[in-house]
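Quick look at start-v7.cif (mmCIF, C-alpha atoms):
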```cif
data_data
loop_
_atom_site.label_atom_id
_atom_site.label_comp_id
_atom_site.auth_asym_id
_atom_site.auth_seq_id
_atom_site.Cartn_x
_atom_site.Cartn_y
_atom_site.Cartn_z
CA MET A 1 112.86 153.87 59.61
CA SER A 2 109.58 152.13 60.28
CA PHE A 3 109.06 148.60 59.00
CA TYR A 4 106.91 149.66 56.04
CA ASP A 5 109.34 152.47 55.13
CA VAL A 6 112.10 149.89 54.84
CA LEU A 7 109.93 147.53 52.84
CA HIS A 8 108.78 150.12 50.32
CA ARG A 9 112.12 151.99 50.02
CA ARG A 10 114.01 148.79 49.14
CA ARG A 11 115.34 148.90 45.57
CA ASP A 12 117.50 146.76 43.31
CA THR A 13 120.59 148.97 42.98
CA ARG A 14 123.22 148.92 40.25
CA GLY A 15 124.41 152.43 39.43
CA GLU A 16 124.15 153.99 42.89
CA PHE A 17 126.98 152.27 44.81
CA THR A 18 129.64 154.56 46.29
CA GLY A 19 132.16 151.78 47.07
CA ALA A 20 132.57 152.98 50.67
CA PRO A 21 133.32 150.21 53.19
CA ILE A 22 130.58 148.53 55.21
CA PRO A 23 131.31 148.69 58.97
CA ASP A 24 131.77 145.20 60.44
CA ASP A 25 128.89 145.54 62.91
CA VAL A 26 126.52 146.61 60.13
CA LEU A 27 127.50 143.65 57.94
CA ARG A 28 127.05 141.32 60.89
CA ARG A 29 123.51 142.62 61.57
CA VAL A 30 122.60 142.18 57.92
CA LEU A 31 123.92 138.60 57.81
CA THR A 32 122.27 137.81 61.16
CA ALA A 33 118.98 139.01 59.67
CA ALA A 34 119.41 136.68 56.69
CA HIS A 35 120.20 133.77 59.01
CA ALA A 36 117.02 134.49 61.02
CA ALA A 37 114.80 133.55 58.07
CA PRO A 38 112.32 130.70 58.30
CA SER A 39 113.36 127.43 56.68
CA VAL A 40 111.65 124.17 55.86
CA GLY A 41 112.15 121.75 58.76
CA LEU A 42 114.48 124.35 60.36
CA SER A 43 117.08 123.09 57.88
CA GLN A 44 118.71 126.54 57.43
CA PRO A 45 120.10 125.29 54.10
CA TRP A 46 121.85 128.55 53.17
CA ASP A 47 125.50 129.60 53.14
CA PHE A 48 126.84 133.12 52.69
CA ILE A 49 130.18 133.76 50.97
CA VAL A 50 131.47 137.31 51.42
CA VAL A 51 133.59 138.23 48.38
CA ARG A 52 135.80 141.32 48.61
CA ASP A 53 138.73 140.24 46.42
CA ARG A 54 138.81 142.45 43.33
CA ASP A 55 140.29 139.80 41.05
CA THR A 56 137.47 137.39 41.89
CA ARG A 57 134.90 140.11 41.34
CA ARG A 58 136.49 141.16 38.04
CA ALA A 59 136.40 137.58 36.76
CA PHE A 60 132.72 137.32 37.71
CA ARG A 61 131.95 140.71 36.18
CA ASP A 62 133.53 139.64 32.87
CA HIS A 63 131.41 136.49 32.86
CA VAL A 64 128.25 138.52 33.59
CA GLN A 65 129.03 140.92 30.74
CA ALA A 66 129.31 137.96 28.38
CA GLU A 67 125.95 136.60 29.55
CA ARG A 68 124.43 140.04 29.13
CA SER A 69 125.45 139.87 25.47
CA VAL A 70 123.86 136.42 25.14
CA PHE A 71 120.54 137.82 26.34
CA ALA A 72 120.87 140.91 24.11
CA THR A 73 121.02 138.75 21.00
CA GLU A 74 117.51 137.43 21.82
CA LEU A 75 116.04 140.92 21.51
CA ASP A 76 114.80 142.91 18.51
CA GLY A 77 114.08 146.55 17.75
CA GLU A 78 112.68 148.57 20.65
CA ARG A 79 113.46 145.82 23.20
CA ALA A 80 117.11 145.73 22.14
CA GLU A 81 117.40 149.53 22.30
CA THR A 82 115.75 149.71 25.71
CA PHE A 83 117.93 146.92 27.09
CA ALA A 84 121.09 148.65 25.82
CA ARG A 85 120.40 151.50 28.28
CA ILE A 86 119.98 149.23 31.32
CA LYS A 87 122.82 148.49 33.74
CA VAL A 88 122.51 144.90 35.00
CA GLU A 89 125.19 144.75 37.71
CA GLY A 90 127.32 146.80 40.11
CA ILE A 91 129.85 144.08 40.93
CA MET A 92 132.97 146.27 40.96
CA GLU A 93 131.29 149.50 42.17
CA SER A 94 129.67 147.91 45.23
CA SER A 95 131.64 147.38 48.46
CA LEU A 96 131.48 143.59 48.32
CA GLY A 97 129.54 140.64 47.00
CA ILE A 98 127.53 138.19 49.09
CA VAL A 99 126.96 134.90 47.32
CA VAL A 100 124.09 132.89 48.75
CA THR A 101 123.95 129.14 48.16
CA TYR A 102 121.60 126.21 48.82
CA ASP A 103 122.81 122.97 50.41
CA PRO A 104 120.12 120.27 50.03
CA GLU A 105 122.03 117.96 52.39
CA ARG A 106 121.72 120.30 55.38
CA GLY A 107 119.45 118.61 57.93
CA SER A 108 119.01 115.52 55.74
CA PRO A 109 118.00 112.74 55.30
CA ALA A 110 114.45 113.50 56.55
CA VAL A 111 113.84 117.24 56.16
CA LEU A 112 110.47 117.92 57.79
CA GLY A 113 108.14 119.46 55.18
CA ARG A 114 110.24 118.66 52.11
CA HIS A 115 109.10 115.15 51.17
CA ALA A 116 106.34 116.37 48.84
CA ILE A 117 108.02 119.54 47.52
CA ALA A 118 111.67 119.07 46.63
CA ASP A 119 112.16 122.79 46.03
CA ALA A 120 111.04 123.79 49.53
CA GLY A 121 114.68 124.09 50.64
CA LEU A 122 115.45 126.39 47.74
CA TYR A 123 112.47 128.52 48.78
CA SER A 124 113.98 128.88 52.27
CA VAL A 125 117.18 130.30 50.80
CA CYS A 126 115.17 132.97 48.98
CA LEU A 127 113.46 133.98 52.23
CA ALA A 128 116.92 134.53 53.74
CA ILE A 129 117.86 136.68 50.75
CA GLN A 130 114.83 138.91 51.24
CA ASN A 131 115.64 139.29 54.96
CA LEU A 132 119.17 140.29 53.98
CA TRP A 133 117.90 142.77 51.40
CA LEU A 134 115.50 144.46 53.79
CA ALA A 135 118.04 144.62 56.64
CA ALA A 136 120.57 146.18 54.26
CA THR A 137 117.91 148.76 53.31
CA ALA A 138 117.27 149.48 57.00
CA GLU A 139 121.03 150.09 57.37
CA GLY A 140 121.07 152.51 54.42
CA LEU A 141 122.83 150.07 52.10
CA GLY A 142 121.89 149.12 48.57
CA VAL A 143 121.59 145.57 47.27
CA GLY A 144 121.67 144.48 43.62
CA TRP A 145 120.85 140.89 42.68
CA VAL A 146 122.89 139.74 39.69
CA SER A 147 121.33 136.86 37.76
CA PHE A 148 123.20 137.05 34.44
CA TYR A 149 125.48 134.09 35.15
CA ARG A 150 125.80 130.33 34.75
CA GLU A 151 125.68 128.46 38.04
CA ASP A 152 128.62 126.20 37.12
CA GLU A 153 130.81 129.20 36.36
CA LEU A 154 130.13 130.69 39.80
CA ARG A 155 130.70 127.27 41.41
CA ARG A 156 134.10 127.04 39.76
CA LEU A 157 135.09 130.60 40.73
CA LEU A 158 134.30 130.15 44.45
CA ASP A 159 135.09 126.43 44.96
CA ILE A 160 131.41 125.66 45.59
CA PRO A 161 130.85 121.86 45.68
CA ALA A 162 128.76 120.27 42.95
CA THR A 163 126.04 119.34 45.46
CA VAL A 164 125.59 122.96 46.55
CA ARG A 165 123.65 125.36 44.32
CA PRO A 166 124.50 129.06 43.95
CA VAL A 167 121.26 131.05 44.23
CA ALA A 168 122.38 134.68 44.06
CA TRP A 169 125.29 137.08 43.80
CA LEU A 170 124.23 140.14 45.75
CA CYS A 171 126.16 143.40 45.28
CA VAL A 172 126.05 145.20 48.63
CA GLY A 173 127.26 148.55 49.90
CA PRO A 174 126.52 152.17 50.68
CA VAL A 175 124.66 154.00 47.92
CA ALA A 176 124.32 157.65 46.94
CA CYS A 177 120.53 157.20 47.00
CA LEU A 178 117.75 154.65 46.71
CA PRO A 179 115.65 155.67 43.68
CA ASP A 180 111.87 156.00 44.09
CA THR A 181 111.21 154.05 40.88
CA PRO A 182 112.70 150.67 39.89
CA ASP A 183 115.38 150.97 37.18
CA LEU A 184 113.47 148.78 34.74
CA GLU A 185 110.36 150.95 35.06
CA ARG A 186 112.37 154.17 34.71
CA HIS A 187 113.98 152.87 31.52
CA GLY A 188 110.65 151.74 30.04
CA TRP A 189 111.40 148.00 30.18
CA ARG A 190 108.30 147.07 32.16
CA ASN A 191 105.85 148.64 34.64
CA ARG A 192 104.65 147.65 38.06
CA LEU A 193 101.22 146.01 37.96
CA PRO A 194 98.23 147.00 40.11
CA LEU A 195 97.80 144.63 43.07
CA ASP A 196 94.30 143.72 41.92
CA ASP A 197 95.73 142.21 38.72
CA VAL A 198 97.34 139.44 40.79
CA LEU A 199 94.72 139.04 43.52
CA HIS A 200 92.11 136.26 43.48
CA GLN A 201 89.32 135.28 45.86
CA GLU A 202 88.67 131.64 46.77
CA ARG A 203 89.86 130.26 43.40
CA TYR A 204 92.29 131.16 40.64
CA THR A 205 90.64 133.37 37.99
CA ARG A 206 92.17 133.25 34.52
CA ARG A 207 93.11 136.65 33.13
CA PRO A 208 95.23 137.73 30.17
CA SER A 209 98.84 137.53 31.39
CA ARG A 210 100.68 140.88 31.31
CA MET B 211 107.81 147.82 66.20
CA SER B 212 111.19 148.63 64.72
CA PHE B 213 112.33 146.84 61.58
CA TYR B 214 114.66 144.44 63.41
CA ASP B 215 111.98 143.71 66.05
CA VAL B 216 109.65 142.60 63.27
CA LEU B 217 112.34 140.54 61.59
CA HIS B 218 113.42 138.68 64.72
CA ARG B 219 109.92 138.27 66.22
CA ARG B 220 108.59 136.59 63.04
CA ARG B 221 107.65 132.94 63.68
CA ASP B 222 106.09 130.08 61.76
CA THR B 223 102.79 129.71 63.62
CA ARG B 224 100.52 126.68 63.79
CA GLY B 225 98.97 126.33 67.23
CA GLU B 226 98.60 130.00 68.14
CA PHE B 227 95.83 131.18 65.77
CA THR B 228 92.73 132.66 67.41
CA GLY B 229 90.56 132.60 64.25
CA ALA B 230 89.57 136.25 64.71
CA PRO B 231 88.93 138.11 61.43
CA ILE B 232 91.64 140.18 59.74
CA PRO B 233 90.46 143.76 59.11
CA ASP B 234 90.32 144.54 55.35
CA ASP B 235 92.81 147.40 55.57
CA VAL B 236 95.32 145.20 57.41
CA LEU B 237 95.01 142.42 54.83
CA ARG B 238 95.43 144.97 52.04
CA ARG B 239 98.66 146.33 53.58
CA VAL B 240 100.03 142.83 53.94
CA LEU B 241 99.25 141.92 50.32
CA THR B 242 100.59 145.27 49.11
CA ALA B 243 103.83 144.48 50.93
CA ALA B 244 104.07 141.12 49.18
CA HIS B 245 103.42 142.77 45.82
CA ALA B 246 106.23 145.29 46.50
CA ALA B 247 108.87 142.56 46.40
CA PRO B 248 111.69 142.63 43.86
CA SER B 249 111.29 140.34 40.85
CA VAL B 250 113.51 139.22 38.02
CA GLY B 251 113.02 141.56 35.06
CA LEU B 252 110.19 143.25 37.02
CA SER B 253 108.10 140.25 35.97
CA GLN B 254 106.07 140.17 39.23
CA PRO B 255 105.25 136.53 38.47
CA TRP B 256 103.21 135.95 41.63
CA ASP B 257 99.46 135.59 42.24
CA PHE B 258 97.71 135.57 45.60
CA ILE B 259 94.54 133.55 46.18
CA VAL B 260 92.72 134.41 49.40
CA VAL B 261 90.86 131.33 50.64
CA ARG B 262 88.23 131.77 53.36
CA ASP B 263 85.76 129.05 52.37
CA ARG B 264 85.73 126.41 55.10
CA ASP B 265 84.89 123.51 52.78
CA THR B 266 87.91 124.30 50.59
CA ARG B 267 90.13 124.60 53.65
CA ARG B 268 88.81 121.36 55.10
CA ALA B 269 89.53 119.49 51.87
CA PHE B 270 93.07 120.87 51.86
CA ARG B 271 93.55 120.08 55.55
CA ASP B 272 92.51 116.45 54.94
CA HIS B 273 95.03 116.20 52.11
CA VAL B 274 97.77 117.68 54.31
CA GLN B 275 97.01 115.22 57.10
CA ALA B 276 97.40 112.36 54.64
CA GLU B 277 100.78 113.73 53.47
CA ARG B 278 101.84 114.14 57.08
CA SER B 279 101.27 110.40 57.50
CA VAL B 280 103.34 109.70 54.38
CA PHE B 281 106.29 111.57 55.90
CA ALA B 282 105.79 109.90 59.30
CA THR B 283 106.29 106.46 57.75
CA GLU B 284 109.84 107.51 56.70
CA LEU B 285 110.83 108.02 60.36
CA ASP B 286 112.12 105.61 62.99
CA GLY B 287 112.42 105.60 66.77
CA GLU B 288 113.19 108.97 68.34
CA ARG B 289 112.51 110.87 65.09
CA ALA B 290 109.04 109.33 64.80
CA GLU B 291 108.21 110.10 68.44
CA THR B 292 109.42 113.69 68.15
CA PHE B 293 107.51 114.24 64.92
CA ALA B 294 104.31 112.87 66.49
CA ARG B 295 104.30 115.86 68.89
CA ILE B 296 104.70 118.48 66.14
CA LYS B 297 101.71 120.31 64.64
CA VAL B 298 102.37 120.97 60.94
CA GLU B 299 99.43 123.21 59.98
CA GLY B 300 96.79 125.61 61.27
CA ILE B 301 94.58 125.59 58.18
CA MET B 302 91.21 125.57 59.96
CA GLU B 303 92.28 127.53 63.06
CA SER B 304 93.74 130.47 61.12
CA SER B 305 91.51 133.25 59.77
CA LEU B 306 92.21 132.49 56.12
CA GLY B 307 94.68 130.95 53.71
CA ILE B 308 96.75 132.84 51.16
CA VAL B 309 97.96 130.63 48.34
CA VAL B 310 100.89 132.07 46.44
CA THR B 311 101.62 130.87 42.91
CA TYR B 312 104.26 131.34 40.21
CA ASP B 313 103.34 132.16 36.60
CA PRO B 314 106.40 131.70 34.36
CA GLU B 315 104.56 133.33 31.43
CA ARG B 316 104.21 136.70 33.19
CA GLY B 317 106.38 139.21 31.33
CA SER B 318 107.49 136.60 28.78
CA PRO B 319 108.93 135.81 26.26
CA ALA B 320 112.16 137.66 27.17
CA VAL B 321 112.28 138.02 30.95
CA LEU B 322 115.33 140.17 31.69
CA GLY B 323 117.71 138.24 33.94
CA ARG B 324 116.10 134.81 33.52
CA HIS B 325 117.81 133.44 30.40
CA ALA B 326 120.64 131.76 32.36
CA ILE B 327 118.70 130.79 35.50
CA ALA B 328 115.27 129.33 34.78
CA ASP B 329 114.34 129.32 38.49
CA ALA B 330 114.90 133.06 38.92
CA GLY B 331 111.15 133.70 38.59
CA LEU B 332 110.41 131.16 41.29
CA TYR B 333 112.94 132.94 43.51
CA SER B 334 110.99 136.21 43.04
CA VAL B 335 107.82 134.58 44.31
CA CYS B 336 109.62 133.55 47.50
CA LEU B 337 110.80 137.13 48.08
CA ALA B 338 107.16 138.21 47.92
CA ILE B 339 106.27 135.54 50.48
CA GLN B 340 108.89 136.82 52.92
CA ASN B 341 107.63 140.40 52.49
CA LEU B 342 104.12 139.13 53.24
CA TRP B 343 105.32 137.21 56.30
CA LEU B 344 107.18 140.16 57.78
CA ALA B 345 104.34 142.61 57.09
CA ALA B 346 101.91 140.23 58.78
CA THR B 347 104.25 140.11 61.78
CA ALA B 348 104.36 143.91 61.87
CA GLU B 349 100.55 143.86 61.95
CA GLY B 350 100.50 141.42 64.87
CA LEU B 351 99.38 138.48 62.73
CA GLY B 352 100.86 135.01 62.57
CA VAL B 353 101.78 133.16 59.39
CA GLY B 354 102.28 129.41 59.01
CA TRP B 355 103.68 127.99 55.76
CA VAL B 356 102.17 124.59 54.99
CA SER B 357 104.33 122.42 52.71
CA PHE B 358 102.85 118.97 53.31
CA TYR B 359 100.93 118.82 50.02
CA ARG B 360 101.18 117.76 46.40
CA GLU B 361 101.17 120.65 43.97
CA ASP B 362 98.71 118.94 41.60
CA GLU B 363 96.22 118.43 44.41
CA LEU B 364 96.30 122.14 45.30
CA ARG B 365 96.02 123.04 41.59
CA ARG B 366 92.89 120.91 41.30
CA LEU B 367 91.33 122.33 44.46
CA LEU B 368 91.73 125.99 43.42
CA ASP B 369 91.42 125.74 39.59
CA ILE B 370 95.06 126.73 39.15
CA PRO B 371 96.13 126.25 35.49
CA ALA B 372 98.72 123.59 34.69
CA THR B 373 101.23 126.26 33.61
CA VAL B 374 101.05 128.00 37.00
CA ARG B 375 102.89 126.51 39.98
CA PRO B 376 101.58 126.67 43.55
CA VAL B 377 104.47 127.73 45.83
CA ALA B 378 102.86 128.05 49.26
CA TRP B 379 99.72 127.80 51.33
CA LEU B 380 100.10 130.38 54.07
CA CYS B 381 97.81 130.21 57.11
CA VAL B 382 97.28 133.81 58.24
CA GLY B 383 95.49 135.46 61.13
CA PRO B 384 95.63 136.94 64.61
CA VAL B 385 97.53 134.82 67.13
CA ALA B 386 97.47 134.54 70.92
CA CYS B 387 101.26 135.06 70.90
CA LEU B 388 104.38 134.72 68.78
CA PRO B 389 106.64 132.23 70.60
CA ASP B 390 110.28 133.20 71.27
CA THR B 391 111.56 129.84 70.05
CA PRO B 392 110.68 128.09 66.77
CA ASP B 393 108.31 125.13 67.27
CA LEU B 394 110.77 122.63 65.81
CA GLU B 395 113.49 123.74 68.23
CA ARG B 396 111.10 123.69 71.20
CA HIS B 397 110.06 120.13 70.35
CA GLY B 398 113.66 118.96 69.90
CA TRP B 399 113.41 118.33 66.15
CA ARG B 400 116.38 120.54 65.21
CA ASN B 401 118.29 123.56 66.58
CA ARG B 402 119.21 126.89 65.09
CA LEU B 403 122.83 126.97 63.92
CA PRO B 404 125.38 129.66 64.82
CA LEU B 405 125.79 132.20 61.99
CA ASP B 406 129.51 131.39 61.73
CA ASP B 407 128.66 127.81 60.69
CA VAL B 408 127.23 129.14 57.42
CA LEU B 409 129.55 132.10 56.81
CA HIS B 410 132.51 131.96 54.41
CA GLN B 411 135.11 134.48 53.31
CA GLU B 412 136.16 134.83 49.65
CA ARG B 413 135.56 131.15 48.82
CA TYR B 414 133.36 128.27 49.94
CA THR B 415 134.98 126.29 52.77
CA ARG B 416 133.89 122.68 53.14
CA ARG B 417 132.64 121.76 56.63
CA PRO B 418 130.76 118.78 57.99
CA SER B 419 127.09 119.43 57.15
CA ARG B 420 124.84 119.68 60.23
#
```

What is this structure when it is put down as structure tokens?
Amino acid sequence: MSFYDVLHRRRDTRGEFTGAPIPDDVLRRVLTAAHAAPSVGLSQPWDFIVVRDRDTRRAFRDHVQAERSVFATELDGERAETFARIKVEGIMESSLGIVVTYDPERGSPAVLGRHAIADAGLYSVCLAIQNLWLAATAEGLGVGWVSFYREDELRRLLDIPATVRPVAWLCVGPVACLPDTPDLERHGWRNRLPLDDVLHQERYTRRPSR
Amino acid sequence: MSFYDVLHRRRDTRGEFTGAPIPDDVLRRVLTAAHAAPSVGLSQPWDFIVVRDRDTRRAFRDHVQAERSVFATELDGERAETFARIKVEGIMESSLGIVVTYDPERGSPAVLGRHAIADAGLYSVCLAIQNLWLAATAEGLGVGWVSFYREDELRRLLDIPATVRPVAWLCVGPVACLPDTPDLERHGWRNRLPLDDVLHQERYTRRPSR
């Protein structure tokens, strides 16, 4: 696949996982891609926890289902009905989970480029996640980012120290297909915006937010 | 270039910009790639401000130089000497700047997947930045992320509303080359870590932070 094919075929997958194993060399290439991301001051403040254990995943899945219900109670009418049709995680159906964390102490005390923007290290972790996501796509795998969880609950489940922040649980594995259209668009939750709606020249132009 | 070539050739560029113009169709592909990133609840909370004006860039460059000095005063001995050799921005030498911002009101009030993790929208913006960076690399352009600035100063300079958060100033343009080794490693600031230093199985394992 060409670079742009990978970039535009990437999807957030939930219902498409087959559960088939990921070959070791494929997983290694995907993690190596994540680790090749840029980082503020070359701090490389990320860690990757590969979770295969089904009991751990079940415990996380149960927590995510509870948080899904919390969000559902915020919704009324059409929003509630639309949300009821949307699958928000493939924790058990995927082959494994990759939990990505942020360690602000990596490379400290003086992280070059972070003195004015404390969150710059957190940004680096997200760049690694996108590298991982695209590499997985290039390998024919699906990735689904689960964000219906409380950080402290995930910390407790995986023995993550209090100083380290969980950033994502990524469901990863072979998929039956990568859909052309994002799930949320297909289910009528929200549509993709035209590029020109978010593009400005020279200065920020105020527009009605959509 | 294959997908993995793009991913591993990507560098943070500062001294390599030629200043040559970016063809419109190339810039459009790069911005389209950024806009194709995944986002929490399909909120697409990013905006892109293309800055070509040299007076605006000069004002920002002067601010960045001042912040560079602030950081330099935190350093002693070898660290100070090493930092003195490192170029932290290519604002004037690049062809243009792309400022990427985060609008938490996009898609609100109920952003699917953000109720438990307030920063999830900010994470989405970073995924768009990495898409942009890789697409620029595929097009033979360099990208340099400048993070020596105060967010309020950049807001003021580009009329960014108080509710919108600047996340990055990216210097973008054709480059003489993309170096094999990151600048900070070449100058002895910090080295890339082995992948196994940041890889864990099933649970987080405490190690001495490097």

Could you produce a table of the residues of range 250-369 of chain B lying within 12 Å of range 186-200 of chain A, with the nearest pair of atoms per residue and their separation in Å rounded to one decimal, using all atoms listed in the file, ordered by chain and increasing residue number, as JSON lines?
```
{"residue": "B:Val250", "atom": "CA", "partner": "A:Arg190", "partner_atom": "CA", "distance": 11.1}
{"residue": "B:Gly251", "atom": "CA", "partner": "A:Arg190", "partner_atom": "CA", "distance": 7.8}
{"residue": "B:Leu252", "atom": "CA", "partner": "A:Arg190", "partner_atom": "CA", "distance": 6.5}
{"residue": "B:Ser253", "atom": "CA", "partner": "A:Arg190", "partner_atom": "CA", "distance": 7.8}
{"residue": "B:Gln254", "atom": "CA", "partner": "A:Leu193", "partner_atom": "CA", "distance": 7.7}
{"residue": "B:Pro255", "atom": "CA", "partner": "A:Val198", "partner_atom": "CA", "distance": 8.7}
{"residue": "B:Trp256", "atom": "CA", "partner": "A:Val198", "partner_atom": "CA", "distance": 6.9}
{"residue": "B:Asp257", "atom": "CA", "partner": "A:Val198", "partner_atom": "CA", "distance": 4.6}
{"residue": "B:Phe258", "atom": "CA", "partner": "A:Leu199", "partner_atom": "CA", "distance": 5.0}
{"residue": "B:Ile259", "atom": "CA", "partner": "A:His200", "partner_atom": "CA", "distance": 4.5}
{"residue": "B:Val260", "atom": "CA", "partner": "A:His200", "partner_atom": "CA", "distance": 6.2}
{"residue": "B:Val261", "atom": "CA", "partner": "A:His200", "partner_atom": "CA", "distance": 8.8}
{"residue": "B:Arg262", "atom": "CA", "partner": "A:His200", "partner_atom": "CA", "distance": 11.5}
{"residue": "B:Gly307", "atom": "CA", "partner": "A:His200", "partner_atom": "CA", "distance": 11.8}
{"residue": "B:Ile308", "atom": "CA", "partner": "A:His200", "partner_atom": "CA", "distance": 9.6}
{"residue": "B:Val309", "atom": "CA", "partner": "A:His200", "partner_atom": "CA", "distance": 9.5}
{"residue": "B:Val310", "atom": "CA", "partner": "A:Leu199", "partner_atom": "CA", "distance": 9.8}
{"residue": "B:Thr311", "atom": "CA", "partner": "A:Val198", "partner_atom": "CA", "distance": 9.8}
{"residue": "B:Tyr312", "atom": "CA", "partner": "A:Val198", "partner_atom": "CA", "distance": 10.7}
{"residue": "B:Asp313", "atom": "CA", "partner": "A:Val198", "partner_atom": "CA", "distance": 10.3}
{"residue": "B:Arg316", "atom": "CA", "partner": "A:Val198", "partner_atom": "CA", "distance": 10.6}
{"residue": "B:Gly317", "atom": "CA", "partner": "A:Arg190", "partner_atom": "CA", "distance": 8.1}
{"residue": "B:Ser318", "atom": "CA", "partner": "A:Arg190", "partner_atom": "CA", "distance": 11.0}
{"residue": "B:Ala320", "atom": "CA", "partner": "A:Trp189", "partner_atom": "CA", "distance": 10.8}
{"residue": "B:Val321", "atom": "CA", "partner": "A:Arg190", "partner_atom": "CA", "distance": 10.0}
{"residue": "B:Leu322", "atom": "CA", "partner": "A:Trp189", "partner_atom": "CA", "distance": 8.9}
{"residue": "B:Leu368", "atom": "CA", "partner": "A:His200", "partner_atom": "CA", "distance": 10.3}
{"residue": "B:Asp369", "atom": "CA", "partner": "A:His200", "partner_atom": "CA", "distance": 11.2}
```

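As for CA of Val125 in chain A and CA of Tyr333 in chain B, they are spaced 8.8 Å apart.
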
List the spatial neighbours of range 236-242 of chain B as JSON, numbers by chain - criterion: any atom at most 8 Å away, only C-alpha atoms, same-chain residues fewer than 5 positions off excluded. {"A": [195], "B": [342, 345, 346, 349]}

Please produce a file of the residues just selected, as a PDB file, in the coordinates of the input, where the atoms kept are C-alpha atoms.
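The resulting out_37.pdb:
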```
ATOM      1  CA  LEU A 195      97.800 144.630  43.070  1.00  0.00           C
TER       2      LEU A 195
ATOM      3  CA  LEU B 342     104.120 139.130  53.240  1.00  0.00           C
ATOM      4  CA  ALA B 345     104.340 142.610  57.090  1.00  0.00           C
ATOM      5  CA  ALA B 346     101.910 140.230  58.780  1.00  0.00           C
ATOM      6  CA  GLU B 349     100.550 143.860  61.950  1.00  0.00           C
TER       7      GLU B 349
END
```

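The space separating CA of Asp235 in chain B from CA of Gln340 in chain B comes to 19.4 Å.
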
Which residue is closest to Glu151 in chain A? Choose from B:Gly229, B:Glu412, B:Ala326, B:Glu315 and count only C-alpha atoms. B:Ala326

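Running the PyMOL selection byres ((chain A and resi 127) around 10) on this file leaves Ala34, His35, Ala36, Ala37, Pro38, Ser39, Leu122, Tyr123, Ser124, Val125, Cys126, Ala128, Ile129, Gln130, Asn131, Leu132 and Trp133 of chain A; Tyr333, Ser334, Val335, Cys336, Leu337, Ala338, Ile339, Gln340, Asn341 and Trp343 of chain B selected.
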
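You will find CA of Val88 in chain A at 26.6 Å from CA of Ala162 in chain A.
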